[in-house]
file query01.cif (mmCIF, C-alpha atoms and all ligand atoms)
data_work
#
loop_
_atom_site.label_atom_id
_atom_site.label_comp_id
_atom_site.auth_asym_id
_atom_site.auth_seq_id
_atom_site.Cartn_x
_atom_site.Cartn_y
_atom_site.Cartn_z
CA MET A 1 153.80 301.13 79.63
CA ASN A 2 155.63 303.01 82.41
CA VAL A 3 159.28 302.03 82.68
CA LEU A 4 161.81 302.80 85.42
CA ILE A 5 165.55 302.50 84.69
CA VAL A 6 167.74 302.12 87.78
CA GLY A 7 171.22 303.59 87.28
CA GLY A 8 172.87 306.73 85.97
CA GLY A 9 175.77 305.90 83.65
CA GLY A 10 176.43 305.55 79.94
CA ARG A 11 174.98 302.03 80.01
CA GLU A 12 171.69 303.30 81.42
CA HIS A 13 171.63 306.13 78.85
CA ALA A 14 172.02 303.54 76.07
CA ILE A 15 169.16 301.51 77.61
CA ALA A 16 167.08 304.71 77.88
CA VAL A 17 167.60 305.47 74.18
CA LYS A 18 166.37 301.99 73.25
CA CYS A 19 163.37 302.32 75.58
CA SER A 20 162.51 305.72 74.11
CA GLU A 21 162.51 304.11 70.64
CA SER A 22 159.98 301.48 71.78
CA LYS A 23 156.39 302.10 70.72
CA ARG A 24 155.29 300.42 73.92
CA VAL A 25 156.77 302.93 76.36
CA THR A 26 154.51 305.79 77.40
CA LYS A 27 156.49 307.19 80.30
CA LEU A 28 160.15 306.69 81.13
CA TYR A 29 161.71 307.31 84.56
CA ALA A 30 165.27 306.93 85.80
CA ALA A 31 166.79 306.75 89.28
CA PRO A 32 169.06 308.65 89.60
CA GLY A 33 169.71 309.10 85.85
CA ASN A 34 172.00 311.84 84.57
CA ALA A 35 171.83 314.99 82.42
CA GLY A 36 171.64 312.99 79.17
CA ILE A 37 169.02 310.53 80.41
CA ALA A 38 167.01 313.55 81.63
CA GLN A 39 166.37 314.48 77.99
CA LEU A 40 164.43 311.21 77.59
CA ALA A 41 163.18 310.34 81.05
CA LYS A 42 162.02 311.95 84.25
CA CYS A 43 164.92 311.54 86.68
CA VAL A 44 164.37 311.08 90.40
CA ASP A 45 167.12 311.35 92.98
CA ILE A 46 166.94 307.89 94.59
CA SER A 47 170.06 305.78 95.22
CA VAL A 48 170.38 302.63 93.11
CA MET A 49 170.94 300.73 96.38
CA ASP A 50 167.75 301.89 98.11
CA GLY A 51 165.40 299.06 97.19
CA GLU A 52 162.65 300.24 99.52
CA ALA A 53 162.56 303.79 98.13
CA LEU A 54 162.76 302.49 94.54
CA VAL A 55 159.78 300.21 95.10
CA ALA A 56 157.77 303.00 96.79
CA PHE A 57 158.49 305.27 93.79
CA ALA A 58 157.57 302.51 91.34
CA LYS A 59 154.23 301.98 93.09
CA GLU A 60 153.50 305.70 93.13
CA LYS A 61 154.15 306.00 89.38
CA ASP A 62 152.44 302.73 88.37
CA ILE A 63 155.67 301.34 86.93
CA ASP A 64 155.04 298.29 84.71
CA LEU A 65 158.69 297.36 84.22
CA ALA A 66 161.84 298.16 86.21
CA ILE A 67 165.25 297.67 84.57
CA VAL A 68 168.21 297.44 86.96
CA GLY A 69 171.45 298.47 85.19
CA PRO A 70 174.48 298.30 87.54
CA ASP A 71 176.13 295.37 89.32
CA ASP A 72 176.04 296.65 92.91
CA PRO A 73 172.24 296.80 93.30
CA LEU A 74 171.82 293.47 91.46
CA VAL A 75 174.32 291.71 93.69
CA ALA A 76 172.69 293.34 96.75
CA GLY A 77 169.21 292.09 95.76
CA VAL A 78 167.44 295.19 94.44
CA ALA A 79 165.75 293.12 91.69
CA ASP A 80 164.30 290.93 94.47
CA CYS A 81 162.74 294.04 96.06
CA PHE A 82 160.76 294.79 92.88
CA LYS A 83 159.83 291.15 92.39
CA ASP A 84 158.65 290.75 95.99
CA ALA A 85 156.47 293.84 95.52
CA GLY A 86 154.86 292.28 92.43
CA ILE A 87 156.60 294.65 89.97
CA LYS A 88 158.05 293.17 86.79
CA VAL A 89 161.81 293.55 86.80
CA PHE A 90 164.54 292.92 84.24
CA GLY A 91 167.72 291.87 86.04
CA PRO A 92 168.74 288.75 87.98
CA GLU A 93 167.70 288.09 91.56
CA LYS A 94 170.41 288.17 94.21
CA LYS A 95 170.81 284.38 94.20
CA ALA A 96 171.59 284.50 90.45
CA ALA A 97 173.61 287.76 90.43
CA ILE A 98 176.12 285.92 92.65
CA ILE A 99 177.61 284.70 89.34
CA GLU A 100 179.19 288.19 89.22
CA GLY A 101 179.24 288.91 92.96
CA SER A 102 181.52 286.00 93.85
CA LYS A 103 184.40 284.89 91.65
CA ALA A 104 184.79 281.75 93.81
CA PHE A 105 181.14 280.88 93.14
CA SER A 106 181.52 281.36 89.38
CA LYS A 107 184.77 279.37 89.23
CA ASP A 108 183.25 276.49 91.24
CA LEU A 109 180.19 276.54 88.97
CA MET A 110 182.35 276.31 85.83
CA LYS A 111 184.43 273.49 87.32
CA LYS A 112 181.36 271.50 88.45
CA TYR A 113 179.63 271.79 85.06
CA GLY A 114 182.69 271.50 82.80
CA ILE A 115 182.54 275.01 81.36
CA PRO A 116 185.96 275.96 79.92
CA SER A 117 187.90 278.42 82.11
CA ALA A 118 191.35 278.87 83.66
CA ALA A 119 192.53 276.41 86.35
CA TYR A 120 192.30 277.94 89.85
CA GLU A 121 192.41 277.57 93.61
CA THR A 122 190.43 279.53 96.21
CA PHE A 123 191.98 280.83 99.44
CA ASP A 124 190.48 282.20 102.65
CA ASN A 125 193.76 283.04 104.32
CA ALA A 126 196.92 284.79 103.20
CA ASP A 127 199.43 282.21 104.53
CA ASP A 128 197.93 279.40 102.43
CA ALA A 129 197.80 281.68 99.38
CA ILE A 130 201.47 282.61 99.77
CA ALA A 131 202.53 278.98 100.26
CA TYR A 132 200.70 278.06 97.05
CA ILE A 133 202.36 280.89 95.12
CA GLU A 134 205.87 279.69 96.08
CA ASN A 135 205.48 276.70 93.75
CA ALA A 136 203.11 278.09 91.15
CA LYS A 137 203.82 278.84 87.51
CA MET A 138 204.23 282.56 86.67
CA PRO A 139 202.66 284.84 85.52
CA ILE A 140 199.65 284.24 87.71
CA VAL A 141 196.35 286.04 88.26
CA LEU A 142 194.92 287.05 91.66
CA LYS A 143 191.25 287.97 91.94
CA ALA A 144 189.35 289.41 94.88
CA ASP A 145 186.25 287.25 95.36
CA GLY A 146 183.78 290.13 95.65
CA LEU A 147 182.92 293.26 93.66
CA ALA A 148 185.83 295.70 93.47
CA LEU A 149 184.79 298.26 90.83
CA GLY A 150 186.41 296.08 88.18
CA LYS A 151 189.82 296.61 89.82
CA GLY A 152 190.18 293.51 91.97
CA VAL A 153 192.21 291.55 89.39
CA LEU A 154 196.02 291.56 89.67
CA ILE A 155 198.23 290.01 87.01
CA CYS A 156 201.55 289.13 88.65
CA ASN A 157 204.72 288.38 86.70
CA ASP A 158 206.81 286.82 89.47
CA VAL A 159 206.56 285.30 92.94
CA GLU A 160 207.45 288.54 94.74
CA GLU A 161 204.78 290.48 92.88
CA ALA A 162 202.23 287.77 93.59
CA LYS A 163 203.05 287.76 97.31
CA ALA A 164 202.70 291.55 97.38
CA GLY A 165 199.36 291.13 95.60
CA VAL A 166 198.09 288.75 98.27
CA LYS A 167 199.05 291.35 100.88
CA THR A 168 197.23 294.12 98.96
CA LEU A 169 194.03 292.10 98.62
CA MET A 170 193.89 290.03 101.83
CA LEU A 171 195.87 291.92 104.48
CA ASP A 172 195.78 295.61 103.47
CA LYS A 173 192.22 295.02 102.24
CA GLN A 174 192.47 297.53 99.42
CA PHE A 175 189.05 296.38 98.22
CA GLY A 176 187.58 295.80 101.68
CA ALA A 177 185.68 292.59 102.35
CA ALA A 178 185.83 291.75 98.60
CA GLY A 179 189.36 290.49 99.37
CA ASP A 180 188.52 288.27 102.37
CA ARG A 181 188.65 285.41 99.91
CA ILE A 182 190.71 285.32 96.71
CA VAL A 183 190.89 283.17 93.62
CA ILE A 184 194.35 282.42 92.23
CA GLU A 185 194.10 281.57 88.57
CA GLU A 186 196.24 280.31 85.73
CA PHE A 187 197.32 283.11 83.34
CA MET A 188 195.81 282.76 79.87
CA THR A 189 196.72 284.50 76.62
CA GLY A 190 194.61 285.32 73.60
CA ARG A 191 192.11 287.80 72.21
CA GLU A 192 189.41 289.04 74.57
CA VAL A 193 185.79 289.27 73.48
CA SER A 194 182.68 290.30 75.40
CA VAL A 195 179.39 288.65 74.58
CA LEU A 196 176.27 289.94 76.32
CA CYS A 197 173.40 287.46 76.33
CA TYR A 198 169.70 287.83 77.07
CA CYS A 199 168.51 285.08 79.43
CA ASP A 200 165.08 283.91 80.60
CA GLY A 201 166.21 281.32 83.11
CA THR A 202 166.05 278.51 80.53
CA HIS A 203 166.94 279.99 77.15
CA ILE A 204 169.93 282.20 76.33
CA LYS A 205 170.53 284.33 73.25
CA PRO A 206 173.81 286.14 72.59
CA MET A 207 173.88 289.65 71.21
CA ALA A 208 176.49 290.81 68.71
CA SER A 209 180.04 290.53 70.09
CA ALA A 210 182.03 293.49 71.40
CA GLN A 211 185.47 294.35 72.71
CA ASP A 212 186.42 296.72 75.49
CA HIS A 213 189.65 298.69 75.95
CA LYS A 214 190.21 298.70 79.71
CA ARG A 215 193.55 300.51 80.11
CA ALA A 216 193.67 304.30 80.47
CA HIS A 217 196.26 305.08 77.77
CA ASP A 218 196.96 304.30 74.13
CA GLY A 219 198.66 301.00 73.39
CA ASP A 220 196.98 299.39 76.43
CA GLN A 221 199.24 301.28 78.82
CA GLY A 222 198.35 302.79 82.18
CA LEU A 223 195.86 301.79 84.86
CA ASN A 224 192.77 299.68 84.44
CA THR A 225 189.59 301.73 84.07
CA GLY A 226 185.90 300.96 83.78
CA GLY A 227 186.51 300.97 80.00
CA MET A 228 187.85 303.67 77.66
CA GLY A 229 185.99 302.55 74.56
CA THR A 230 184.47 299.61 72.73
CA PHE A 231 183.76 298.27 69.29
CA SER A 232 181.28 295.79 67.86
CA PRO A 233 181.43 293.29 66.28
CA SER A 234 184.77 291.68 67.15
CA PRO A 235 186.39 290.35 63.97
CA PHE A 236 187.83 287.53 66.07
CA TYR A 237 184.41 286.24 67.12
CA THR A 238 183.87 284.01 64.10
CA ASP A 239 180.93 281.69 63.37
CA ASP A 240 183.00 278.75 64.63
CA VAL A 241 183.74 280.55 67.90
CA ASP A 242 180.04 281.43 68.23
CA LYS A 243 179.03 277.81 67.66
CA PHE A 244 181.53 276.56 70.24
CA CYS A 245 180.43 279.12 72.82
CA LYS A 246 176.72 278.38 72.37
CA GLU A 247 177.38 274.68 72.85
CA HIS A 248 180.03 274.73 75.57
CA ILE A 249 179.59 278.02 77.42
CA TYR A 250 176.27 279.90 77.09
CA GLN A 251 173.69 277.11 77.32
CA PRO A 252 175.73 275.08 79.83
CA THR A 253 175.91 278.17 82.08
CA MET A 254 172.15 278.65 81.84
CA ASP A 255 171.56 274.97 82.62
CA ALA A 256 174.08 275.03 85.49
CA MET A 257 172.37 278.00 87.13
CA LYS A 258 168.99 276.28 86.79
CA ALA A 259 170.37 273.05 88.24
CA GLU A 260 171.64 275.05 91.23
CA GLY A 261 168.17 276.57 91.76
CA ARG A 262 169.45 279.97 90.65
CA ASP A 263 167.55 280.58 87.39
CA PHE A 264 169.22 283.53 85.70
CA VAL A 265 166.92 286.15 84.16
CA GLY A 266 168.55 289.25 82.71
CA ILE A 267 171.82 289.90 80.92
CA LEU A 268 174.66 287.41 81.31
CA PHE A 269 177.85 289.12 80.16
CA CYS A 270 180.46 286.50 79.22
CA GLY A 271 184.01 287.86 79.21
CA LEU A 272 185.82 285.38 76.97
CA MET A 273 189.41 284.75 76.05
CA LEU A 274 190.05 283.06 72.71
CA THR A 275 193.00 280.86 73.69
CA GLU A 276 194.95 278.36 71.62
CA ASP A 277 192.89 275.67 73.31
CA GLY A 278 189.61 277.35 72.37
CA PRO A 279 187.38 279.98 73.98
CA LYS A 280 187.45 280.13 77.79
CA VAL A 281 185.49 282.22 80.29
CA LEU A 282 187.50 285.02 81.95
CA GLU A 283 184.58 286.26 83.97
CA TYR A 284 180.80 286.55 84.11
CA ASN A 285 178.90 289.75 84.79
CA ALA A 286 175.22 289.86 85.61
CA ARG A 287 174.39 292.98 83.56
CA PHE A 288 175.07 294.95 80.40
CA GLY A 289 178.71 296.03 80.09
CA ASP A 290 179.56 299.70 80.21
CA PRO A 291 180.64 300.84 77.57
CA GLU A 292 179.82 297.57 75.70
CA ALA A 293 176.11 298.49 75.84
CA GLN A 294 176.93 301.70 73.98
CA VAL A 295 177.99 299.78 70.85
CA VAL A 296 175.79 296.70 71.07
CA LEU A 297 172.40 298.29 71.79
CA PRO A 298 172.58 300.86 68.95
CA ARG A 299 173.05 297.92 66.55
CA MET A 300 170.07 295.94 67.89
CA LYS A 301 166.95 296.22 65.73
CA ASN A 302 164.50 294.59 68.16
CA ASP A 303 162.20 296.54 70.46
CA ILE A 304 164.07 296.21 73.75
CA ILE A 305 160.83 296.00 75.75
CA ASP A 306 159.65 292.98 73.73
CA VAL A 307 162.94 291.21 74.42
CA MET A 308 163.06 292.04 78.13
CA GLU A 309 159.44 291.02 78.61
CA ALA A 310 160.10 287.70 76.85
CA CYS A 311 163.00 287.11 79.27
CA ILE A 312 160.83 287.82 82.31
CA GLU A 313 158.05 285.57 80.99
CA GLY A 314 160.37 282.66 80.11
CA ARG A 315 159.68 282.76 76.37
CA LEU A 316 162.91 284.14 74.94
CA ASN A 317 162.87 281.19 72.51
CA GLU A 318 160.08 283.03 70.64
CA ILE A 319 162.31 286.04 69.96
CA GLU A 320 164.77 286.38 67.11
CA LEU A 321 167.46 288.94 67.95
CA VAL A 322 168.41 291.01 64.91
CA PHE A 323 171.47 293.22 64.61
CA GLU A 324 172.37 295.73 61.92
CA ASP A 325 175.23 294.78 59.63
CA LYS A 326 176.85 298.12 60.38
CA ALA A 327 179.69 298.20 62.90
CA ALA A 328 179.84 300.56 65.86
CA VAL A 329 182.68 302.19 67.80
CA CYS A 330 182.38 304.03 71.13
CA VAL A 331 185.13 306.39 72.30
CA VAL A 332 184.92 307.45 75.95
CA LEU A 333 185.62 311.12 76.64
CA ALA A 334 187.06 311.20 80.15
CA SER A 335 188.42 313.80 82.54
CA ASP A 336 192.21 313.98 82.31
CA GLY A 337 193.68 312.09 85.27
CA TYR A 338 190.96 309.39 85.34
CA PRO A 339 190.96 306.80 86.94
CA GLU A 340 192.96 308.52 89.71
CA HIS A 341 192.63 312.25 90.35
CA TYR A 342 190.65 314.55 88.10
CA GLU A 343 188.62 317.74 88.29
CA LYS A 344 184.96 318.07 87.39
CA GLY A 345 182.36 320.80 86.99
CA PHE A 346 183.51 322.06 83.55
CA PRO A 347 180.83 323.13 81.03
CA ILE A 348 180.42 320.81 78.01
CA GLU A 349 179.97 322.35 74.54
CA GLY A 350 178.77 320.74 71.32
CA LEU A 351 176.25 318.17 72.59
CA ASP A 352 173.53 319.54 70.28
CA THR A 353 175.57 318.63 67.19
CA PHE A 354 174.43 315.01 67.63
CA ALA A 355 170.71 315.83 67.71
CA ASP A 356 169.92 315.57 63.99
CA LYS A 357 172.43 312.89 63.00
CA ASP A 358 171.48 309.26 62.48
CA ASP A 359 174.17 306.75 63.42
CA TYR A 360 175.84 309.15 65.89
CA TYR A 361 175.17 309.04 69.62
CA VAL A 362 176.51 310.83 72.66
CA PHE A 363 175.83 308.84 75.82
CA HIS A 364 176.25 310.62 79.13
CA ALA A 365 178.25 308.81 81.81
CA GLY A 366 179.32 311.49 84.29
CA THR A 367 177.39 314.71 83.62
CA LYS A 368 175.18 317.02 85.66
CA LEU A 369 172.83 319.91 84.95
CA VAL A 370 173.91 323.04 86.85
CA ASP A 371 171.99 326.29 86.29
CA GLY A 372 170.70 325.05 82.94
CA LYS A 373 174.19 324.08 81.73
CA ILE A 374 175.52 320.52 81.36
CA VAL A 375 178.86 320.13 83.16
CA THR A 376 181.35 317.30 83.68
CA ASN A 377 180.62 315.26 86.80
CA GLY A 378 182.83 312.17 86.74
CA GLY A 379 185.92 310.41 85.42
CA ARG A 380 184.17 308.98 82.41
CA VAL A 381 182.09 311.89 81.10
CA LEU A 382 180.61 310.87 77.74
CA GLY A 383 180.60 307.91 75.35
CA VAL A 384 180.67 309.02 71.71
CA THR A 385 179.38 306.24 69.46
CA ALA A 386 179.20 306.14 65.68
CA LYS A 387 178.24 303.47 63.21
CA GLY A 388 179.82 302.78 59.84
CA ALA A 389 179.71 300.20 57.06
CA THR A 390 182.88 298.60 58.47
CA LEU A 391 184.75 298.87 61.76
CA VAL A 392 187.31 301.09 60.10
CA ASP A 393 184.55 303.47 58.93
CA ALA A 394 182.83 303.38 62.30
CA ARG A 395 186.10 304.28 63.99
CA ALA A 396 186.74 307.20 61.64
CA ASN A 397 183.19 308.44 62.25
CA ALA A 398 183.47 308.09 66.03
CA TYR A 399 186.75 310.02 66.16
CA LYS A 400 185.29 312.73 63.90
CA ALA A 401 182.36 313.05 66.32
CA THR A 402 184.66 313.37 69.35
CA GLU A 403 185.78 316.68 67.82
CA TRP A 404 182.25 318.09 68.06
CA ILE A 405 182.53 318.03 71.86
CA SER A 406 184.70 320.27 73.96
CA PHE A 407 185.28 320.67 77.68
CA GLU A 408 188.26 321.56 79.80
CA ASN A 409 190.53 318.57 80.60
CA LYS A 410 188.89 316.36 77.92
CA TYR A 411 190.89 313.14 77.54
CA MET A 412 190.47 310.11 75.29
CA ARG A 413 192.39 307.21 73.84
CA HIS A 414 193.22 307.46 70.14
CA ASP A 415 193.38 303.76 69.33
CA ILE A 416 189.91 302.44 70.16
CA GLY A 417 189.13 299.65 67.72
CA LYS A 418 192.70 299.64 66.45
CA ALA A 419 193.09 295.85 66.72
CA ILE A 420 190.90 295.62 63.67
CA ASP A 421 193.64 297.01 61.41
CA GLU A 422 195.63 293.88 62.05
CA GLN A 423 193.26 291.66 60.10
P1 LIG B 501 188.04 290.18 84.99
O1 LIG B 501 187.49 291.31 85.82
O2 LIG B 501 187.99 288.86 85.65
O3 LIG B 501 187.50 290.19 83.56
O4 LIG B 501 189.55 290.55 84.75
C1 LIG B 501 189.94 291.80 84.25
C2 LIG B 501 190.95 291.60 83.16
O5 LIG B 501 192.07 290.88 83.66
C3 LIG B 501 190.43 290.77 81.99
O6 LIG B 501 189.74 291.55 81.07
C4 LIG B 501 191.73 290.20 81.45
O7 LIG B 501 192.36 291.16 80.62
C5 LIG B 501 192.57 290.00 82.68
N1 LIG B 501 192.46 288.62 83.16
C6 LIG B 501 191.56 288.11 84.03
N2 LIG B 501 191.76 286.79 84.22
C7 LIG B 501 192.82 286.44 83.46
C8 LIG B 501 193.53 285.23 83.24
N3 LIG B 501 193.20 284.10 83.85
N4 LIG B 501 194.57 285.26 82.37
C9 LIG B 501 194.93 286.40 81.76
N5 LIG B 501 194.31 287.58 81.94
C10 LIG B 501 193.28 287.61 82.77
N1 LIG B 502 183.35 297.29 80.48
C1 LIG B 502 183.45 296.24 81.40
C2 LIG B 502 182.30 296.08 82.30
O1 LIG B 502 181.26 296.67 82.14
O2 LIG B 502 182.42 295.29 83.22
#
call {"tool": "encode", "arguments": {"input": "query01.cif", "output": "structure tokens"}}
result
Amino acid sequence: MNVLIVGGGGREHAIAVKCSESKRVTKLYAAPGNAGIAQLAKCVDISVMDGEALVAFAKEKDIDLAIVGPDDPLVAGVADCFKDAGIKVFGPEKKAAIIEGSKAFSKDLMKKYGIPSAAYETFDNADDAIAYIENAKMPIVLKADGLALGKGVLICNDVEEAKAGVKTLMLDKQFGAAGDRIVIEEFMTGREVSVLCYCDGTHIKPMASAQDHKRAHDGDQGLNTGGMGTFSPSPFYTDDVDKFCKEHIYQPTMDAMKAEGRDFVGILFCGLMLTEDGPKVLEYNARFGDPEAQVVLPRMKNDIIDVMEACIEGRLNEIELVFEDKAAVCVVLASDGYPEHYEKGFPIEGLDTFADKDDYYVFHAGTKLVDGKIVTNGGRVLGVTAKGATLVDARANAYKATEWISFENKYMRHDIGKAIDEQ
């Protein structure tokens, strides 16, 4: 089977590793890929947003399955391009990816179908939003409706901050058209857990749970990032929580999307908060999380092609997902200064150390091959993942492995997976 992976980050590298482990894959391609993916796949320099060029390439190479990794192309309808051309594709169509592309859509869906989430109001103009804030309970959460690189969420502690937030999103348009409409949401407290689920439009099966660390610095300080590290499983995602979520969140979401004529096929990423009143949905994403994929996929025993094909063919109910008992921790090695200003182009040493070691992975996020040498090429450079018998072991292993890698301005958090000590 010829497989094309669309994307070029750590998530797509983790997908590529799973595809390369599948007995069913004969040839693997990636667009655009990166220096790590290039060790497993033939990379072609086509933008993830260029549906037409991706389809032309897929036809030329007799691609049997296309896997679309990132949110932007999914929300823009790149999966539809493959589907319309008669090419099997793993990833939701545009009309289903809206569950991530519009926060107002996802909030309305949850309200209509009784899926637990924070109370909210939607606003199309700044004056109404500000009037609402005057009498609202603080803290409060403002969310740009559209995609904003994961940065369109503002948690405001008082009325002045919230008013300034409305200005940032709706008037200054810091996130462009994503802020034409905003959702103002009740502030919730509790543990956060990410659960990524395979979906075939009718059936939904959760993978092992994970948790992300979004802030740039230790102790959850500093700016929000795409994610500085992850661990799996979450000790807070108990069997009772799982049972509740299957009954009240996962299947109801699947059924709601079907009832709306938006059958969801692909990965539904449920960002959950475990509140005093039970688990509630913080957000949905229409794809694997990055770096959640870097801890969840290495623990999955199934052949990823079998699972994805079952999703596309509407027979996910025939598949039993199996995860290793071992835990996994992923520490992101970033360029110092990320997510703001940072330099790139520095040579990376030590990547070969991972080659002969089971249970250790180095996923490339922002790397590039220049004159035969792999150099840094982004804010998030690598994801170093290790497994261990327990989360504590996995964390020790992951931090040991971060020492095998060196590059100028290497930066990482030192407390990834730390919450687990509190058990
Ligand atoms: P989102 O992109 O919607 O997941 O939001 C990003 C982050 O903002 C989440 O991971 C939470 O930490 C926080 N957040 C979002 N919504 C809420 C809320 N209603 N209450 C408290 N924190 C929230
Ligand atoms: N790590 C969060 C995300 O992928 O959205």
call {"tool": "atom_distance", "arguments": {"input": "query01.cif", "atom1": "CA of Ala216 in chain A", "atom2": "atom C10 of ligand LIG 501 (chain B)"}}
result
16.9 Å
call {"tool": "residues_near_point", "arguments": {"input": "query01.cif", "point": "(163.8, 307.0, 83.7)", "cutoff": "10 Å", "atoms": "only C-alpha atoms", "output": "JSON, numbers by chain"}}
result
{"A": [2, 3, 4, 5, 6, 7, 8, 12, 13, 15, 16, 19, 20, 27, 28, 29, 30, 31, 32, 33, 34, 37, 38, 39, 40, 41, 42, 43, 44, 66, 67]}
call {"tool": "residues_near_ligand", "arguments": {"input": "query01.cif", "ligand": "ligand LIG 501 (chain B)", "cutoff": "6 Å", "atoms": "only C-alpha atoms and all ligand atoms", "output": "list of chain:residue names"}}
result
A:Ala118, A:Val141, A:Gly150, A:Val153, A:Glu185, A:Glu186, A:Phe187, A:Met188, A:Thr189, A:Leu282, A:Glu283
call {"tool": "residues_near_point", "arguments": {"input": "query01.cif", "point": "(175.0, 297.4, 83.9)", "cutoff": "6 Å", "atoms": "all atoms listed in the file", "output": "VMD selection string"}}
result
chain A and resid 69 to 71 287 to 289
call {"tool": "residues_near_ligand", "arguments": {"input": "query01.cif", "ligand": "ligand LIG 502 (chain B)", "cutoff": "7 Å", "atoms": "only C-alpha atoms and all ligand atoms", "output": "JSON, numbers by chain"}}
result
{"A": [150, 212, 226, 227, 285, 288, 289, 290, 291, 292]}
call {"tool": "write_last_selection", "arguments": {"input": "query01.cif", "atoms": "C-alpha atoms", "output": "PDB file, keeping the file's coordinate frame"}}
result
ATOM      1  CA  GLY A 150     186.410 296.080  88.180  1.00  0.00           C
ATOM      2  CA  ASP A 212     186.420 296.720  75.490  1.00  0.00           C
ATOM      3  CA  GLY A 226     185.900 300.960  83.780  1.00  0.00           C
ATOM      4  CA  GLY A 227     186.510 300.970  80.000  1.00  0.00           C
ATOM      5  CA  ASN A 285     178.900 289.750  84.790  1.00  0.00           C
ATOM      6  CA  PHE A 288     175.070 294.950  80.400  1.00  0.00           C
ATOM      7  CA  GLY A 289     178.710 296.030  80.090  1.00  0.00           C
ATOM      8  CA  ASP A 290     179.560 299.700  80.210  1.00  0.00           C
ATOM      9  CA  PRO A 291     180.640 300.840  77.570  1.00  0.00           C
ATOM     10  CA  GLU A 292     179.820 297.570  75.700  1.00  0.00           C
TER      11      GLU A 292
END
call {"tool": "residues_around", "arguments": {"input": "query01.cif", "residues": "Gly378 in chain A", "least_positions_apart": "2", "cutoff": "8 Å", "atoms": "all atoms listed in the file", "output": "ChimeraX atom specification"}}
result
/A:334-335,344,365-367,376,380-381
call {"tool": "closest_residue", "arguments": {"input": "query01.cif", "among": "A:Gly383, A:Gly278, A:Gly314, A:Pro298", "to": "Asp263 in chain A", "atoms": "all atoms listed in the file"}}
result
A:Gly314
call {"tool": "closest_residue", "arguments": {"input": "query01.cif", "among": "A:Lys173, A:Lys301, A:Lys167, A:Lys137", "to": "Met207 in chain A", "atoms": "only C-alpha atoms"}}
result
A:Lys301
call {"tool": "closest_residue", "arguments": {"input": "query01.cif", "among": "A:Ile405, A:Ala148, A:Ile249, A:Ala76", "to": "Asp352 in chain A", "atoms": "only C-alpha atoms"}}
result
A:Ile405
call {"tool": "closest_residue", "arguments": {"input": "query01.cif", "among": "A:Asp72, A:Glu192, A:Glu320, A:Asp62", "to": "Leu272 in chain A", "atoms": "only C-alpha atoms"}}
result
A:Glu192
call {"tool": "residues_around", "arguments": {"input": "query01.cif", "residues": "range 395-397 of chain A", "least_positions_apart": "5", "cutoff": "10 Å", "atoms": "all atoms listed in the file", "output": "NGL selection string"}}
result
:A and (231 or 327-331 or 359-360 or 384-388 or 390 or 402 or 414-418 or 420)
call {"tool": "residues_around", "arguments": {"input": "query01.cif", "residues": "Leu142 in chain A", "least_positions_apart": "2", "cutoff": "7 Å", "atoms": "only C-alpha atoms", "output": "PyMOL selection string"}}
result
chain A and resi 140+144+153-155+182-185
call {"tool": "write_last_selection", "arguments": {"input": "query01.cif", "atoms": "C-alpha atoms", "output": "short mmCIF file (atom, residue, chain, number, x, y, z; two decimals), in the coordinates of the input"}}
result
data_model
loop_
_atom_site.label_atom_id
_atom_site.label_comp_id
_atom_site.auth_asym_id
_atom_site.auth_seq_id
_atom_site.Cartn_x
_atom_site.Cartn_y
_atom_site.Cartn_z
CA ILE A 140 199.65 284.24 87.71
CA ALA A 144 189.35 289.41 94.88
CA VAL A 153 192.21 291.55 89.39
CA LEU A 154 196.02 291.56 89.67
CA ILE A 155 198.23 290.01 87.01
CA ILE A 182 190.71 285.32 96.71
CA VAL A 183 190.89 283.17 93.62
CA ILE A 184 194.35 282.42 92.23
CA GLU A 185 194.10 281.57 88.57
#
call {"tool": "closest_residue", "arguments": {"input": "query01.cif", "among": "A:Ala104, A:Val362, A:Val332, A:Val75", "to": "Phe123 in chain A", "atoms": "all atoms listed in the file"}}
result
A:Ala104
call {"tool": "build_atoms", "arguments": {"input": "query01.cif", "residues": "range 52-58 of chain A", "atoms": "N, CA and C atoms", "output": "tab-separated table (two decimals), in the coordinates of the input"}}
result
chain	number	residue	atom	x	y	z
A	52	GLU	N	163.93	299.84	98.94
A	52	GLU	CA	162.65	300.24	99.52
A	52	GLU	C	162.11	301.51	98.85
A	53	ALA	N	162.98	302.51	98.73
A	53	ALA	CA	162.56	303.79	98.13
A	53	ALA	C	162.25	303.61	96.64
A	54	LEU	N	163.01	302.73	95.97
A	54	LEU	CA	162.76	302.49	94.54
A	54	LEU	C	161.39	301.85	94.35
A	55	VAL	N	161.07	300.89	95.20
A	55	VAL	CA	159.78	300.21	95.10
A	55	VAL	C	158.64	301.19	95.41
A	56	ALA	N	158.82	302.01	96.44
A	56	ALA	CA	157.77	303.00	96.79
A	56	ALA	C	157.54	303.94	95.61
A	57	PHE	N	158.62	304.38	94.96
A	57	PHE	CA	158.49	305.27	93.79
A	57	PHE	C	157.78	304.55	92.65
A	58	ALA	N	158.17	303.30	92.44
A	58	ALA	CA	157.57	302.51	91.34
A	58	ALA	C	156.07	302.34	91.55
